[in-house]
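Taking it in order: structure first as structure tokens, then the write-up.
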Amino acid sequence: MAAKASLEMTGGKNIPTIGLGTWQSTNETELETALNAALEAGYRHIDTAYIYGNEAIIGRVLNKWLTSGKVTREELFITTKLPISGIHRDRVELFIKKSLENLQLEYLDLYLIHFAVGTNYIGDSIIPPLDKLKLEDSDHVGVWKKMEEQVDAGRTRAIGLSNFNQSQIERIIKAARIKPACLQIELHLSLQQRDLVQFCHKNNIVVVAYSPLGNPSYNKFLESFGQKARELPNLLQNPLIKSIAEKHGKSSGQVMLRFLVQNNIVAIPKSVTPSRIKENINIFDFSLDAKDMASLQGLEIGEKARICDWKVIPKLQDHPDWPFPKE
Ligand SMILES: NC(=O)c1ccc[n+]([C@@H]2O[C@H](COP(=O)([O-])OP(=O)(O)OC[C@H]3O[C@@H](n4cnc5c(N)ncnc54)[C@H](OP(=O)(O)O)[C@@H]3O)[C@@H](O)[C@H]2O)c1
């Protein structure tokens with residue numbers, strides 16, 4: 001079964017099916033090493049977000065690669081995201097300009113609304129401190145019109161959504177002059193989101209899978225917020241995935257990523273480890289057969305397996321635009 005190295009994206013350039021995720025990469029030396037390793041290994045797609053606080057580091061590395069001529073801007077595919085404090089019709093332009101300046105780019109390839117719920121914005125804080133955070137009307141249609149203006153102004157080639165549910169996407173599609181080109185959601189073998197993927201594919205929306213390896217370091221992130229570790233699916237150690245990996249002479253991570261790409265889904269595994277970075281893009285020299293694909297599909301657990309549930313910002317769940325099913 002085939003796997004494409006890139007997918008067509010409405011309005012934009014083709015999106016490479018493996019990109020480098022960069023969330024939780026804020027150490028300058030570590031991220032610089034990771035980006036250099038990724039670009040050397042052939043990655044051309046990099047995923048970041050204003051809230052990751054690392055756009056400026058990425059910008060410095062990209063600038064070196066671009067000015068040295070080792071890569072052209074046309075070859076790169078750079079995604080960043082409008083933060084929750086930017087989800088307001090008066091703040092879209094402000095935030096995309098900040099991201100472009102950080103990244104030292106004239107345009108983005110893809111700009112996403114990071115989450116369905118908007119908050120207040122306090123000066124230069126990336127997210128308002130929790131005691132000062134206020135929920136605001138997310139005004140999806142009004143904000144989308146401002147996203148469209150960013151395409152018109154040449155600041156981004158394509159626009160899309162992240163962490164929106166089907167009915168929220170349908171509402172935007174109805175009102176849109178430029179339809180969403182992409183939906184970025186949590187997607188891995190324990191949370192396959194098949195209905196949402198099918199809906200997106202029917203509407204020519206490219207699906208990008210975040211936490212495609214089931215983010216094995218999520219508990220470290222929770223602990224850094226003073227929150228309790230949770231029981232999470234340990235996909236890298238799953239015996240079925242391991243046995244399929246052994247059969248193909250590949251790693252469990254490679255099987256998980258190949259499964260997504262064979263289903264025409266883009267994956268953005270994050271790593272700061274050069275050997276893993278190389279491993280994660282080396283998925284185009286083997287193929288999962290129909291039996292492998294069917295047994296991997298059977299690992300679906302559903303909503304209970306959601307890792308990145310955004311509950312570290314507890315107030316967000318109280319908003320009527322909270323995108324995930326409530327318990
Ligand atoms: N839109 C959103 O709301 C949203 C939410 C979450 C994530 N994202 C994006 O999606 C990207 C990926 O998701 P994620 O970071 O949550 O999780 P992930 O990519 O599933 O997992 C990352 C973790 O896996 C480890 N790892 C990477 N490759 C490995 C391999 N081959 N073998 C074993 N371990 C491996 C990494 O460790 P090392 O780094 O130590 O190697 C890191 O701890 C993010 O970085 C971000 O760009 C978006």
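Ligands are numbered from 1 in the order shown, chains are lettered A, B, ... in the order of the structure tokens, and residues start at 1 in each chain.
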
List all protein, DNA and RNA residues that have at least one atom no more than 7 Å from any atom of ligand 1, counting only C-alpha atoms and all ligand atoms, and write them as number ranges by chain. A: 20-24, 47-48, 114-115, 162-163, 184-186, 210-217, 236, 253-254, 268-273, 276-277, 279-280, 308

Check stretch 24-62 of chain A with DSSP on the backbone and list each residue it calls helix (DSSP H, G or I), as a PyMOL selection string. chain A and resi 28-41+50-52+55-62

Would you save the residues of that selection, restricted to C-alpha atoms, as a JSON list (two decimals), in the first residue's frame?
[["chain", "number", "residue", "atom", "x", "y", "z"],
["A", 28, "GLU", "CA", 18.09, 26.99, 22.03],
["A", 29, "THR", "CA", 21.03, 24.59, 21.57],
["A", 30, "GLU", "CA", 18.81, 21.52, 21.64],
["A", 31, "LEU", "CA", 16.29, 22.92, 19.16],
["A", 32, "GLU", "CA", 19.02, 24.25, 16.87],
["A", 33, "THR", "CA", 20.62, 20.79, 16.79],
["A", 34, "ALA", "CA", 17.23, 19.19, 16.15],
["A", 35, "LEU", "CA", 16.37, 21.55, 13.30],
["A", 36, "ASN", "CA", 19.78, 21.11, 11.66],
["A", 37, "ALA", "CA", 19.45, 17.32, 11.97],
["A", 38, "ALA", "CA", 15.94, 17.45, 10.51],
["A", 39, "LEU", "CA", 16.87, 19.65, 7.57],
["A", 40, "GLU", "CA", 19.94, 17.46, 6.88],
["A", 41, "ALA", "CA", 17.70, 14.37, 7.00],
["A", 50, "TYR", "CA", 3.26, 31.29, 18.89],
["A", 51, "ILE", "CA", 2.58, 29.69, 22.30],
["A", 52, "TYR", "CA", 5.54, 27.28, 22.00],
["A", 55, "GLU", "CA", 9.55, 30.76, 16.81],
["A", 56, "ALA", "CA", 12.58, 33.05, 17.14],
["A", 57, "ILE", "CA", 14.98, 30.09, 17.53],
["A", 58, "ILE", "CA", 13.43, 28.42, 14.48],
["A", 59, "GLY", "CA", 13.68, 31.72, 12.59],
["A", 60, "ARG", "CA", 17.42, 31.99, 13.28],
["A", 61, "VAL", "CA", 18.09, 28.45, 12.02],
["A", 62, "LEU", "CA", 15.91, 28.84, 8.92]]

Which residues of stretch 188-301 of chain A come within 12 Å of stretch 9-18 of chain A, and what is each one's closest atom pair and distance in Å (one decimal), counting only C-alpha atoms, sorted by chain and residue number, as a tab-separated table?
residue	atom	partner	partner_atom	distance
A:His201	CA	A:Met9	CA	11.1
A:Asn203	CA	A:Thr10	CA	10.3
A:Asn204	CA	A:Thr10	CA	7.2
A:Ile205	CA	A:Met9	CA	7.5
A:Val206	CA	A:Met9	CA	6.5
A:Val207	CA	A:Thr17	CA	9.9
A:Val208	CA	A:Thr17	CA	8.3
A:Ala209	CA	A:Thr17	CA	9.8
A:Tyr210	CA	A:Ile18	CA	11.0
A:Pro212	CA	A:Ile18	CA	10.5
A:Gln254	CA	A:Ile18	CA	11.1
A:Leu257	CA	A:Ile18	CA	8.3
A:Arg258	CA	A:Ile18	CA	9.6
A:Phe259	CA	A:Thr17	CA	11.7
A:Leu260	CA	A:Thr17	CA	9.1
A:Val261	CA	A:Thr17	CA	6.5
A:Gln262	CA	A:Thr17	CA	9.8
A:Asn263	CA	A:Thr17	CA	10.6
A:Asn264	CA	A:Thr17	CA	8.1
A:Ile265	CA	A:Thr17	CA	7.0
A:Val266	CA	A:Thr17	CA	4.2
A:Ala267	CA	A:Ile18	CA	5.2
A:Ile268	CA	A:Ile18	CA	5.7
A:Pro269	CA	A:Ile18	CA	7.6
A:Lys270	CA	A:Ile18	CA	10.4
A:Ile277	CA	A:Ile18	CA	10.5
A:Lys278	CA	A:Ile18	CA	11.1
A:Glu279	CA	A:Ile18	CA	11.3
A:Asn280	CA	A:Ile18	CA	8.0
A:Ile281	CA	A:Ile18	CA	6.3
A:Asn282	CA	A:Ile18	CA	9.5
A:Ile283	CA	A:Ile18	CA	9.2
A:Phe284	CA	A:Ile18	CA	10.3

Excluding same-chain residues fewer than 5 positions from A:Glu74, what lies within 12 Å of it counting only C-alpha atoms, as a list in words?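 Using only C-alpha atoms, the neighbours found are Gly12, Lys13, Asn14, Ile15, Arg44, His45, Leu66, Gly69, Leu105, Glu106, Tyr107, Leu108, Asp109 and Arg157 of chain A.
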
Atom pair atom CA of A:Gln150 / atom CA of A:Val197: separation (Å):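 Atom-to-atom, atom CA of A:Gln150 to atom CA of A:Val197, that is 26.1 Å.
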
Among listed residues A:Val151, A:Ile113, A:Leu316, A:Met256, nearest A:Leu187 (using only C-alpha atoms):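 Of all the options, A:Met256 lies closest to A:Leu187.
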
Pull the strand (DSSP E or B) assignments for stretch 158-276 of chain A out of DSSP run on the backbone, and list those residues as a PDB file with all heavy atoms, in the first residue's frame.
ATOM      1  N   ALA A 158      -1.839  29.442   3.055  1.00  0.00           N
ATOM      2  CA  ALA A 158      -3.059  28.684   3.361  1.00  0.00           C
ATOM      3  C   ALA A 158      -3.433  28.920   4.815  1.00  0.00           C
ATOM      4  O   ALA A 158      -2.588  29.303   5.637  1.00  0.00           O
ATOM      5  CB  ALA A 158      -2.830  27.194   3.096  1.00  0.00           C
ATOM      6  N   ILE A 159      -4.712  28.693   5.125  1.00  0.00           N
ATOM      7  CA  ILE A 159      -5.199  28.874   6.502  1.00  0.00           C
ATOM      8  C   ILE A 159      -5.995  27.644   6.927  1.00  0.00           C
ATOM      9  O   ILE A 159      -6.579  26.944   6.088  1.00  0.00           O
ATOM     10  CB  ILE A 159      -6.066  30.160   6.646  1.00  0.00           C
ATOM     11  CG1 ILE A 159      -7.096  30.261   5.506  1.00  0.00           C
ATOM     12  CG2 ILE A 159      -5.189  31.389   6.723  1.00  0.00           C
ATOM     13  CD1 ILE A 159      -8.012  31.497   5.610  1.00  0.00           C
ATOM     14  N   GLY A 160      -5.992  27.392   8.215  1.00  0.00           N
ATOM     15  CA  GLY A 160      -6.702  26.213   8.696  1.00  0.00           C
ATOM     16  C   GLY A 160      -6.997  26.313  10.174  1.00  0.00           C
ATOM     17  O   GLY A 160      -6.866  27.374  10.796  1.00  0.00           O
ATOM     18  N   LEU A 161      -7.387  25.163  10.724  1.00  0.00           N
ATOM     19  CA  LEU A 161      -7.887  25.100  12.100  1.00  0.00           C
ATOM     20  C   LEU A 161      -7.160  24.011  12.856  1.00  0.00           C
ATOM     21  O   LEU A 161      -6.648  23.063  12.261  1.00  0.00           O
ATOM     22  CB  LEU A 161      -9.387  24.754  12.067  1.00  0.00           C
ATOM     23  CG  LEU A 161     -10.263  25.713  11.248  1.00  0.00           C
ATOM     24  CD1 LEU A 161     -11.626  25.094  10.987  1.00  0.00           C
ATOM     25  CD2 LEU A 161     -10.399  27.047  11.978  1.00  0.00           C
ATOM     26  N   SER A 162      -7.174  24.139  14.171  1.00  0.00           N
ATOM     27  CA  SER A 162      -6.637  23.078  15.012  1.00  0.00           C
ATOM     28  C   SER A 162      -7.558  22.951  16.223  1.00  0.00           C
ATOM     29  O   SER A 162      -7.986  23.972  16.775  1.00  0.00           O
ATOM     30  CB  SER A 162      -5.219  23.432  15.444  1.00  0.00           C
ATOM     31  OG  SER A 162      -4.716  22.430  16.298  1.00  0.00           O
ATOM     32  N   CYS A 182      -6.801  22.882   6.153  1.00  0.00           N
ATOM     33  CA  CYS A 182      -6.174  21.885   7.025  1.00  0.00           C
ATOM     34  C   CYS A 182      -6.864  21.855   8.388  1.00  0.00           C
ATOM     35  O   CYS A 182      -7.336  22.892   8.867  1.00  0.00           O
ATOM     36  CB  CYS A 182      -4.702  22.298   7.207  1.00  0.00           C
ATOM     37  SG  CYS A 182      -3.843  21.413   8.506  1.00  0.00           S
ATOM     38  N   LEU A 183      -6.903  20.668   8.983  1.00  0.00           N
ATOM     39  CA  LEU A 183      -7.301  20.534  10.386  1.00  0.00           C
ATOM     40  C   LEU A 183      -6.188  19.775  11.096  1.00  0.00           C
ATOM     41  O   LEU A 183      -5.838  18.658  10.704  1.00  0.00           O
ATOM     42  CB  LEU A 183      -8.609  19.753  10.519  1.00  0.00           C
ATOM     43  CG  LEU A 183      -9.031  19.517  11.980  1.00  0.00           C
ATOM     44  CD1 LEU A 183      -9.438  20.821  12.658  1.00  0.00           C
ATOM     45  CD2 LEU A 183     -10.162  18.498  12.077  1.00  0.00           C
ATOM     46  N   GLN A 184      -5.635  20.391  12.143  1.00  0.00           N
ATOM     47  CA  GLN A 184      -4.608  19.701  12.935  1.00  0.00           C
ATOM     48  C   GLN A 184      -5.256  19.233  14.247  1.00  0.00           C
ATOM     49  O   GLN A 184      -5.823  20.039  14.990  1.00  0.00           O
ATOM     50  CB  GLN A 184      -3.437  20.650  13.222  1.00  0.00           C
ATOM     51  CG  GLN A 184      -2.303  19.920  13.925  1.00  0.00           C
ATOM     52  CD  GLN A 184      -1.074  20.775  14.221  1.00  0.00           C
ATOM     53  OE1 GLN A 184      -0.672  20.920  15.360  1.00  0.00           O
ATOM     54  NE2 GLN A 184      -0.473  21.334  13.178  1.00  0.00           N
ATOM     55  N   ILE A 185      -5.181  17.918  14.473  1.00  0.00           N
ATOM     56  CA  ILE A 185      -5.830  17.337  15.669  1.00  0.00           C
ATOM     57  C   ILE A 185      -4.935  16.257  16.271  1.00  0.00           C
ATOM     58  O   ILE A 185      -4.062  15.715  15.584  1.00  0.00           O
ATOM     59  CB  ILE A 185      -7.196  16.680  15.313  1.00  0.00           C
ATOM     60  CG1 ILE A 185      -7.078  15.830  14.032  1.00  0.00           C
ATOM     61  CG2 ILE A 185      -8.306  17.702  15.215  1.00  0.00           C
ATOM     62  CD1 ILE A 185      -8.300  15.008  13.712  1.00  0.00           C
ATOM     63  N   GLU A 186      -5.224  15.931  17.536  1.00  0.00           N
ATOM     64  CA  GLU A 186      -4.524  14.786  18.129  1.00  0.00           C
ATOM     65  C   GLU A 186      -4.994  13.520  17.420  1.00  0.00           C
ATOM     66  O   GLU A 186      -6.184  13.262  17.295  1.00  0.00           O
ATOM     67  CB  GLU A 186      -4.841  14.684  19.633  1.00  0.00           C
ATOM     68  CG  GLU A 186      -4.176  13.455  20.238  1.00  0.00           C
ATOM     69  CD  GLU A 186      -4.316  13.377  21.755  1.00  0.00           C
ATOM     70  OE1 GLU A 186      -4.492  14.416  22.415  1.00  0.00           O
ATOM     71  OE2 GLU A 186      -4.236  12.239  22.262  1.00  0.00           O
ATOM     72  N   HIS A 188      -3.542   9.370  16.860  1.00  0.00           N
ATOM     73  CA  HIS A 188      -2.563   8.281  16.946  1.00  0.00           C
ATOM     74  C   HIS A 188      -3.354   6.992  17.019  1.00  0.00           C
ATOM     75  O   HIS A 188      -4.602   7.020  16.963  1.00  0.00           O
ATOM     76  CB  HIS A 188      -1.643   8.482  18.165  1.00  0.00           C
ATOM     77  CG  HIS A 188      -2.371   8.909  19.405  1.00  0.00           C
ATOM     78  ND1 HIS A 188      -3.164   8.054  20.132  1.00  0.00           N
ATOM     79  CD2 HIS A 188      -2.483  10.137  20.003  1.00  0.00           C
ATOM     80  CE1 HIS A 188      -3.700   8.713  21.148  1.00  0.00           C
ATOM     81  NE2 HIS A 188      -3.318   9.983  21.083  1.00  0.00           N
ATOM     82  N   LEU A 191      -6.333   6.906  19.359  1.00  0.00           N
ATOM     83  CA  LEU A 191      -7.375   7.931  19.124  1.00  0.00           C
ATOM     84  C   LEU A 191      -7.339   8.257  17.625  1.00  0.00           C
ATOM     85  O   LEU A 191      -6.645   9.169  17.194  1.00  0.00           O
ATOM     86  CB  LEU A 191      -7.083   9.180  19.976  1.00  0.00           C
ATOM     87  CG  LEU A 191      -8.068  10.346  19.832  1.00  0.00           C
ATOM     88  CD1 LEU A 191      -9.465   9.982  20.319  1.00  0.00           C
ATOM     89  CD2 LEU A 191      -7.569  11.575  20.608  1.00  0.00           C
ATOM     90  N   VAL A 206      -6.909  18.838   4.504  1.00  0.00           N
ATOM     91  CA  VAL A 206      -5.802  17.947   4.873  1.00  0.00           C
ATOM     92  C   VAL A 206      -5.811  17.768   6.395  1.00  0.00           C
ATOM     93  O   VAL A 206      -5.926  18.745   7.135  1.00  0.00           O
ATOM     94  CB  VAL A 206      -4.447  18.563   4.437  1.00  0.00           C
ATOM     95  CG1 VAL A 206      -3.277  17.783   5.024  1.00  0.00           C
ATOM     96  CG2 VAL A 206      -4.338  18.613   2.912  1.00  0.00           C
ATOM     97  N   VAL A 207      -5.683  16.516   6.842  1.00  0.00           N
ATOM     98  CA  VAL A 207      -5.626  16.257   8.282  1.00  0.00           C
ATOM     99  C   VAL A 207      -4.160  16.103   8.703  1.00  0.00           C
ATOM    100  O   VAL A 207      -3.411  15.326   8.105  1.00  0.00           O
ATOM    101  CB  VAL A 207      -6.414  14.985   8.659  1.00  0.00           C
ATOM    102  CG1 VAL A 207      -6.281  14.682  10.153  1.00  0.00           C
ATOM    103  CG2 VAL A 207      -7.883  15.144   8.279  1.00  0.00           C
ATOM    104  N   VAL A 208      -3.778  16.865   9.729  1.00  0.00           N
ATOM    105  CA  VAL A 208      -2.430  16.757  10.295  1.00  0.00           C
ATOM    106  C   VAL A 208      -2.566  16.156  11.693  1.00  0.00           C
ATOM    107  O   VAL A 208      -3.328  16.658  12.522  1.00  0.00           O
ATOM    108  CB  VAL A 208      -1.731  18.141  10.366  1.00  0.00           C
ATOM    109  CG1 VAL A 208      -0.402  18.036  11.105  1.00  0.00           C
ATOM    110  CG2 VAL A 208      -1.515  18.700   8.963  1.00  0.00           C
ATOM    111  N   ALA A 209      -1.838  15.063  11.925  1.00  0.00           N
ATOM    112  CA  ALA A 209      -1.914  14.360  13.203  1.00  0.00           C
ATOM    113  C   ALA A 209      -0.875  14.902  14.162  1.00  0.00           C
ATOM    114  O   ALA A 209       0.331  14.817  13.897  1.00  0.00           O
ATOM    115  CB  ALA A 209      -1.658  12.871  12.986  1.00  0.00           C
ATOM    116  N   TYR A 210      -1.351  15.458  15.292  1.00  0.00           N
ATOM    117  CA  TYR A 210      -0.372  15.812  16.332  1.00  0.00           C
ATOM    118  C   TYR A 210      -0.328  14.724  17.390  1.00  0.00           C
ATOM    119  O   TYR A 210      -1.217  13.879  17.449  1.00  0.00           O
ATOM    120  CB  TYR A 210      -0.603  17.218  16.879  1.00  0.00           C
ATOM    121  CG  TYR A 210      -1.731  17.512  17.839  1.00  0.00           C
ATOM    122  CD1 TYR A 210      -1.784  16.966  19.121  1.00  0.00           C
ATOM    123  CD2 TYR A 210      -2.718  18.429  17.490  1.00  0.00           C
ATOM    124  CE1 TYR A 210      -2.794  17.301  20.014  1.00  0.00           C
ATOM    125  CE2 TYR A 210      -3.744  18.767  18.383  1.00  0.00           C
ATOM    126  CZ  TYR A 210      -3.774  18.192  19.644  1.00  0.00           C
ATOM    127  OH  TYR A 210      -4.765  18.528  20.525  1.00  0.00           O
ATOM    128  N   VAL A 266      -1.141  13.572   7.442  1.00  0.00           N
ATOM    129  CA  VAL A 266       0.208  14.119   7.678  1.00  0.00           C
ATOM    130  C   VAL A 266       0.553  13.901   9.153  1.00  0.00           C
ATOM    131  O   VAL A 266      -0.321  14.015  10.016  1.00  0.00           O
ATOM    132  CB  VAL A 266       0.207  15.644   7.363  1.00  0.00           C
ATOM    133  CG1 VAL A 266       1.535  16.294   7.730  1.00  0.00           C
ATOM    134  CG2 VAL A 266      -0.135  15.880   5.890  1.00  0.00           C
ATOM    135  N   ALA A 267       1.815  13.590   9.462  1.00  0.00           N
ATOM    136  CA  ALA A 267       2.223  13.408  10.868  1.00  0.00           C
ATOM    137  C   ALA A 267       3.382  14.339  11.183  1.00  0.00           C
ATOM    138  O   ALA A 267       4.272  14.543  10.351  1.00  0.00           O
ATOM    139  CB  ALA A 267       2.642  11.957  11.100  1.00  0.00           C
ATOM    140  N   LYS A 270       7.443  14.996  17.120  1.00  0.00           N
ATOM    141  CA  LYS A 270       8.434  15.897  17.718  1.00  0.00           C
ATOM    142  C   LYS A 270       9.585  15.076  18.261  1.00  0.00           C
ATOM    143  O   LYS A 270       9.389  14.050  18.913  1.00  0.00           O
ATOM    144  CB  LYS A 270       7.788  16.701  18.851  1.00  0.00           C
ATOM    145  CG  LYS A 270       8.765  17.555  19.662  1.00  0.00           C
ATOM    146  CD  LYS A 270       9.213  16.876  20.933  1.00  0.00           C
ATOM    147  CE  LYS A 270      10.283  17.650  21.673  1.00  0.00           C
ATOM    148  NZ  LYS A 270      10.791  16.899  22.848  1.00  0.00           N
TER     149      LYS A 270
END
